[in-house]
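See below for the structure under consideration.
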Amino acid sequence: MELELTNLAAVVGGASRGLGAASAECLAGEGARVAVISRDADRLRATADRIGGVAVPADLSTPAEAAAAVERAAAELGALDVLVVNSGAPPRGSFAALGDGEWASAIDGTLLSAISMIRAALPHLRRSSCASIVIVLAASVRVPLPNLAASNVLRPGLNGLIKTLASELAPSIRINGASPGRVHTEGADELDALFATAEGVGVDRIRARFEASIPLGRYGRPAEFGRLLTFLASPAASYLTGQVVSADGGMVRSLP
Ligand SMILES: NC(=O)c1ccc[n+]([C@@H]2O[C@H](COP(=O)([O-])OP(=O)(O)OC[C@H]3O[C@@H](n4cnc5c(N)ncnc54)[C@H](OP(=O)(O)O)[C@@H]3O)[C@@H](O)[C@H]2O)c1
């Protein structure tokens with residue numbers, strides 16, 4: 001199968017490491033011209049150099065900066081065919097643990113910045129003959145996850161955004177979600193360490209418990225997620241829009 005990404009222009013948020021970097025690397029490997037966005041300029045430059053892409057340092061946690069970053073990235077590439085909406089995780093914790101400040105930053109960083117990135121991208125995407133948007137989600141779009149109240153509230157909102165825009169942007173722009181279960185990134189390691197501290201157990205115990213809950217018996221590899229996202233973004237997925245597809249080793253047991 002040919003993904004037909006050669007020379008298409010792709011902008012990937014939250015992409016100096018983890019799922020964003022793996023997705024950017026896969027898109028670049030398929031011939032796309034890629035701009036990567038995240039905060040740490042040195043780490044971002046190293047990732048951009050490794051994949052032959054363009055680095056656009058920016059903080060995606062505020063809607064205004066998120067929109068400006070997409071504008072800069074599209075200007076650097078001279079076009080925009082693929083937008084990957086991704087950034088850091090919203091503040092972790094149970095409902096009881098999150099105050100107004102955490103909720104405000106979660107809403108800004110996860111929901112409003114995604115909306116702003118998409119709004120900034122639309123004029124560019126409308127000039128493309130094969131435009132698509134992919135939003136990086138989480139298993140919380142299907143089932144609420146313990147101690148991740150903000151994710152449980154906001155990721156389903158992004159799923160609603162995908163369904164809304166699938167109709168509003170059709171037929172010229174496709175939009176889908178790629179949903180990781182447990183994919184082994186530094187961010188996932190940090191989350192496991194937080195759970196371990198909260199429960200007073202070792203990280204190995206947390207990890208073993210997650211692995212036991214996954215039918216394929218292991219965390220995913222970032223490249224396995226990157227391949228799913230790259231397919232959804234590519235012209236090869238030309239009849240897919242409004243879908244959320246999981247790369248979770250079977251972790252989420254609910255019906256879609
Ligand atoms: N890995 C999983 O299993 C998993 C599961 C479910 C959901 N997710 C979600 O998927 C997303 C990516 O996860 P990951 O595992 O790849 O995380 P990660 O390893 O922590 O990587 C996050 C990336 O986003 C960048 N970033 C963080 N905050 C940012 C901001 N405010 N503005 C711009 N860039 C920012 C980071 O670079 P800088 O720090 O330099 O900005 C880094 O490149 C997160 O939203 C996470 O909650 C992941």
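Residues are named by chain letter and number: chains run A, B, ... in the order of the structure tokens, numbers start at 1 in each chain, and ligands are numbered from 1 in the order shown.
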
At a cut-off of 7 Å and counting only C-alpha atoms and all ligand atoms, what residues surround ligand 1? Please answer as a PDB file with C-alpha atoms, in the first residue's frame.
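That gives us out.pdb:
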ATOM      1  CA  GLY A  13       2.404  19.288  18.092  1.00  0.00           C
ATOM      2  CA  GLY A  14       4.116  18.037  21.259  1.00  0.00           C
ATOM      3  CA  ALA A  15       6.751  16.393  19.138  1.00  0.00           C
ATOM      4  CA  SER A  16      10.207  16.611  20.732  1.00  0.00           C
ATOM      5  CA  ARG A  17       9.708  13.153  22.273  1.00  0.00           C
ATOM      6  CA  GLY A  18       7.116  10.460  22.853  1.00  0.00           C
ATOM      7  CA  LEU A  19       4.073   9.897  20.652  1.00  0.00           C
ATOM      8  CA  GLY A  20       4.447  13.199  18.813  1.00  0.00           C
ATOM      9  CA  ALA A  21       8.087  12.534  17.922  1.00  0.00           C
ATOM     10  CA  ILE A  37       6.373  21.990  17.824  1.00  0.00           C
ATOM     11  CA  SER A  38       7.151  21.838  21.552  1.00  0.00           C
ATOM     12  CA  ARG A  39       8.685  23.978  24.311  1.00  0.00           C
ATOM     13  CA  ASP A  40      12.246  22.814  24.935  1.00  0.00           C
ATOM     14  CA  ALA A  41      14.089  24.333  21.962  1.00  0.00           C
ATOM     15  CA  ARG A  43      15.361  18.904  22.511  1.00  0.00           C
ATOM     16  CA  LEU A  44      13.060  19.957  19.690  1.00  0.00           C
ATOM     17  CA  ALA A  58       6.374  27.140  21.229  1.00  0.00           C
ATOM     18  CA  ASP A  59       4.201  26.509  24.271  1.00  0.00           C
ATOM     19  CA  LEU A  60       0.889  24.949  23.218  1.00  0.00           C
ATOM     20  CA  SER A  61      -0.711  25.381  26.638  1.00  0.00           C
ATOM     21  CA  ASN A  86      -0.941  16.750  20.393  1.00  0.00           C
ATOM     22  CA  SER A  87       0.609  18.228  23.524  1.00  0.00           C
ATOM     23  CA  GLY A  88       1.422  17.343  27.126  1.00  0.00           C
ATOM     24  CA  ALA A  89      -1.058  15.567  29.378  1.00  0.00           C
ATOM     25  CA  PRO A  90      -3.585  17.609  31.369  1.00  0.00           C
ATOM     26  CA  GLY A 109      -3.963  23.107  27.336  1.00  0.00           C
ATOM     27  CA  VAL A 136      -4.038  12.383  19.821  1.00  0.00           C
ATOM     28  CA  LEU A 137      -6.519  11.217  22.452  1.00  0.00           C
ATOM     29  CA  ALA A 138      -6.427   8.674  25.313  1.00  0.00           C
ATOM     30  CA  ALA A 139      -8.363   5.609  26.449  1.00  0.00           C
ATOM     31  CA  SER A 179      -6.061   6.852  20.869  1.00  0.00           C
ATOM     32  CA  PRO A 180      -3.115   5.311  22.750  1.00  0.00           C
ATOM     33  CA  GLY A 181      -3.708   2.874  25.608  1.00  0.00           C
ATOM     34  CA  ARG A 182      -0.358   2.468  27.376  1.00  0.00           C
ATOM     35  CA  VAL A 183       2.495   3.323  25.016  1.00  0.00           C
ATOM     36  CA  HIS A 184       5.999   3.307  26.464  1.00  0.00           C
ATOM     37  CA  THR A 185       7.142   6.930  26.392  1.00  0.00           C
ATOM     38  CA  GLU A 186       8.851   9.134  28.955  1.00  0.00           C
ATOM     39  CA  GLY A 187       5.443  10.635  29.677  1.00  0.00           C
ATOM     40  CA  ALA A 188       4.042   7.157  30.410  1.00  0.00           C
TER      41      ALA A 188
END

task: Name all residues at most 12 Å from region 162-164 of chain A (count only C-alpha atoms; drop same-chain ones fewer than 5 positions away) and give them as a PyMOL selection string.
output: chain A and resi 85+111+114-115+118+132-137+141+155-157+169-170+173-178+240-245

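The spacing separating CA of Ala106 (chain A) from CA of Ala9 (chain A) amounts to 28.9 Å.
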
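The space separating CA of Gly202 (chain A) from CA of Pro91 (chain A) comes to 21.8 Å.
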
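Shortest separation to Asp192 (chain A) among A:Asn147, A:Ala24, A:Leu229, A:Val252 occurs at residue A:Asn147, atoms counted being only C-alpha atoms.
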
- prompt: region 31-212 of chain A: which residues are strand (DSSP E or B) by DSSP, as a ChimeraX atom specification?
  reply: /A:33-38,54-57,82-85,93,131-136,148,173-180,183

Just to be explicit: take each residue in the selection above, keep N, CA, C and O atoms, and write the result as a tab-separated table (two decimals), in the first residue's frame.
chain	number	residue	atom	x	y	z
A	33	ARG	N	7.04	16.44	4.49
A	33	ARG	CA	7.88	17.51	5.04
A	33	ARG	C	7.24	17.90	6.36
A	33	ARG	O	6.06	18.27	6.41
A	34	VAL	N	8.01	17.80	7.46
A	34	VAL	CA	7.40	17.87	8.79
A	34	VAL	C	7.95	19.04	9.60
A	34	VAL	O	9.16	19.27	9.64
A	35	ALA	N	7.04	19.77	10.26
A	35	ALA	CA	7.43	20.77	11.27
A	35	ALA	C	6.98	20.26	12.62
A	35	ALA	O	5.83	19.82	12.77
A	36	VAL	N	7.88	20.30	13.60
A	36	VAL	CA	7.56	19.81	14.94
A	36	VAL	C	7.52	20.98	15.92
A	36	VAL	O	8.32	21.92	15.83
A	37	ILE	N	6.56	20.92	16.84
A	37	ILE	CA	6.37	21.99	17.82
A	37	ILE	C	6.48	21.41	19.23
A	37	ILE	O	5.88	20.36	19.51
A	38	SER	N	7.25	22.05	20.10
A	38	SER	CA	7.15	21.84	21.55
A	38	SER	C	8.01	22.89	22.24
A	38	SER	O	8.56	23.77	21.55
A	54	VAL	N	11.59	20.58	10.50
A	54	VAL	CA	11.75	21.98	10.91
A	54	VAL	C	11.28	22.10	12.35
A	54	VAL	O	10.21	21.59	12.70
A	55	ALA	N	12.06	22.80	13.19
A	55	ALA	CA	11.68	22.98	14.59
A	55	ALA	C	10.97	24.32	14.78
A	55	ALA	O	11.45	25.35	14.32
A	56	VAL	N	9.83	24.28	15.46
A	56	VAL	CA	9.09	25.51	15.77
A	56	VAL	C	8.85	25.52	17.29
A	56	VAL	O	7.83	25.01	17.76
A	57	PRO	N	9.78	26.09	18.06
A	57	PRO	CA	9.61	26.07	19.52
A	57	PRO	C	8.42	26.94	19.93
A	57	PRO	O	8.30	28.07	19.47
A	82	VAL	N	-1.38	18.28	6.60
A	82	VAL	CA	-1.69	17.41	7.75
A	82	VAL	C	-1.42	18.15	9.04
A	82	VAL	O	-0.32	18.70	9.23
A	83	LEU	N	-2.41	18.20	9.93
A	83	LEU	CA	-2.20	18.76	11.27
A	83	LEU	C	-2.37	17.65	12.30
A	83	LEU	O	-3.41	16.98	12.33
A	84	VAL	N	-1.36	17.47	13.14
A	84	VAL	CA	-1.45	16.52	14.25
A	84	VAL	C	-1.57	17.32	15.55
A	84	VAL	O	-0.63	18.03	15.93
A	85	VAL	N	-2.73	17.22	16.18
A	85	VAL	CA	-2.99	17.95	17.43
A	85	VAL	C	-2.54	17.07	18.59
A	85	VAL	O	-3.11	16.00	18.83
A	93	GLY	N	-4.78	13.60	38.47
A	93	GLY	CA	-5.34	13.57	39.81
A	93	GLY	C	-6.82	13.26	39.77
A	93	GLY	O	-7.47	13.35	38.73
A	131	ALA	N	-6.36	17.22	2.63
A	131	ALA	CA	-6.13	17.72	3.99
A	131	ALA	C	-6.68	16.77	5.04
A	131	ALA	O	-7.76	16.20	4.87
A	132	SER	N	-5.92	16.64	6.12
A	132	SER	CA	-6.46	15.86	7.23
A	132	SER	C	-5.89	16.33	8.56
A	132	SER	O	-4.80	16.89	8.63
A	133	ILE	N	-6.70	16.09	9.59
A	133	ILE	CA	-6.34	16.42	10.98
A	133	ILE	C	-6.42	15.12	11.77
A	133	ILE	O	-7.36	14.34	11.59
A	134	VAL	N	-5.43	14.91	12.63
A	134	VAL	CA	-5.51	13.79	13.58
A	134	VAL	C	-5.28	14.34	14.97
A	134	VAL	O	-4.30	15.07	15.21
A	135	ILE	N	-6.18	14.02	15.90
A	135	ILE	CA	-6.02	14.44	17.29
A	135	ILE	C	-5.56	13.24	18.12
A	135	ILE	O	-6.16	12.15	18.03
A	136	VAL	N	-4.50	13.44	18.91
A	136	VAL	CA	-4.04	12.38	19.82
A	136	VAL	C	-4.93	12.42	21.07
A	136	VAL	O	-5.06	13.45	21.72
A	148	LEU	N	-7.47	10.30	36.78
A	148	LEU	CA	-7.21	11.17	35.62
A	148	LEU	C	-8.51	11.92	35.28
A	148	LEU	O	-9.01	11.86	34.15
A	173	ILE	N	-11.87	18.24	4.11
A	173	ILE	CA	-10.89	17.97	5.17
A	173	ILE	C	-11.40	16.82	6.03
A	173	ILE	O	-12.53	16.84	6.51
A	174	ARG	N	-10.54	15.81	6.21
A	174	ARG	CA	-10.89	14.68	7.09
A	174	ARG	C	-10.35	14.95	8.49
A	174	ARG	O	-9.34	15.63	8.65
A	175	ILE	N	-11.03	14.42	9.51
A	175	ILE	CA	-10.52	14.54	10.89
A	175	ILE	C	-10.79	13.24	11.64
A	175	ILE	O	-11.90	12.69	11.57
A	176	ASN	N	-9.76	12.73	12.32
A	176	ASN	CA	-9.87	11.48	13.07
A	176	ASN	C	-9.08	11.59	14.36
A	176	ASN	O	-8.28	12.52	14.53
A	177	GLY	N	-9.30	10.63	15.25
A	177	GLY	CA	-8.54	10.57	16.50
A	177	GLY	C	-7.72	9.30	16.55
A	177	GLY	O	-8.17	8.25	16.10
A	178	ALA	N	-6.52	9.41	17.11
A	178	ALA	CA	-5.68	8.23	17.37
A	178	ALA	C	-5.54	8.12	18.88
A	178	ALA	O	-5.10	9.07	19.55
A	179	SER	N	-5.96	6.98	19.42
A	179	SER	CA	-6.06	6.85	20.87
A	179	SER	C	-5.07	5.82	21.41
A	179	SER	O	-5.23	4.63	21.16
A	180	PRO	N	-4.06	6.28	22.15
A	180	PRO	CA	-3.12	5.31	22.75
A	180	PRO	C	-3.72	4.71	24.01
A	180	PRO	O	-4.52	5.36	24.69
A	183	VAL	N	1.37	3.37	25.96
A	183	VAL	CA	2.50	3.32	25.02
A	183	VAL	C	3.73	3.80	25.76
A	183	VAL	O	3.69	4.81	26.48

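Residues of region 68-116 of chain A assigned to alpha helix (DSSP H) by DSSP on this structure's backbone: A:Ala68, A:Ala69, A:Val70, A:Glu71, A:Arg72, A:Ala73, A:Ala74, A:Ala75, A:Glu76, A:Leu77, A:Asp100, A:Gly101, A:Glu102, A:Trp103, A:Ala104, A:Ser105, A:Ala106, A:Ser113, A:Ala114, A:Ile115, A:Ser116.
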
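Among the candidates A:Trp103, A:Ala96, A:Arg127, A:Val203, the one nearest to Leu80 (chain A) when counting only C-alpha atoms is A:Arg127.
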
message: So that I can check the surroundings of region 230-233 of chain A, please list as a PyMOL selection string every protein, DNA and RNA residue that reaches within 6 Å of it, counting only C-alpha atoms and ignoring chain neighbours fewer than 3 positions away.
response: chain A and resi 27+132+226-227+237

Would you write out those residues with C-alpha atoms, as a CSV table (one decimal), in the first residue's frame?
chain,number,residue,atom,x,y,z
A,27,LEU,CA,5.4,10.9,8.6
A,132,SER,CA,-6.5,15.9,7.2
A,226,GLY,CA,3.2,6.5,15.0
A,227,ARG,CA,2.2,4.0,12.2
A,237,ALA,CA,-7.2,6.7,4.6

field: For Leu191 (chain A), the nearest of the candidates A:Glu2, A:Arg92, A:Asn152, A:Ala223, counting only C-alpha atoms
entry: A:Arg92

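Of the listed residues (A:Leu122, A:Phe225, A:Met251, A:Ser246), A:Met251 comes nearest to Arg209 (chain A); the distances count only C-alpha atoms.
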
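Picture a line from CA of Leu98 (chain A) to CA of Leu194 (chain A); it runs 15.0 Å.
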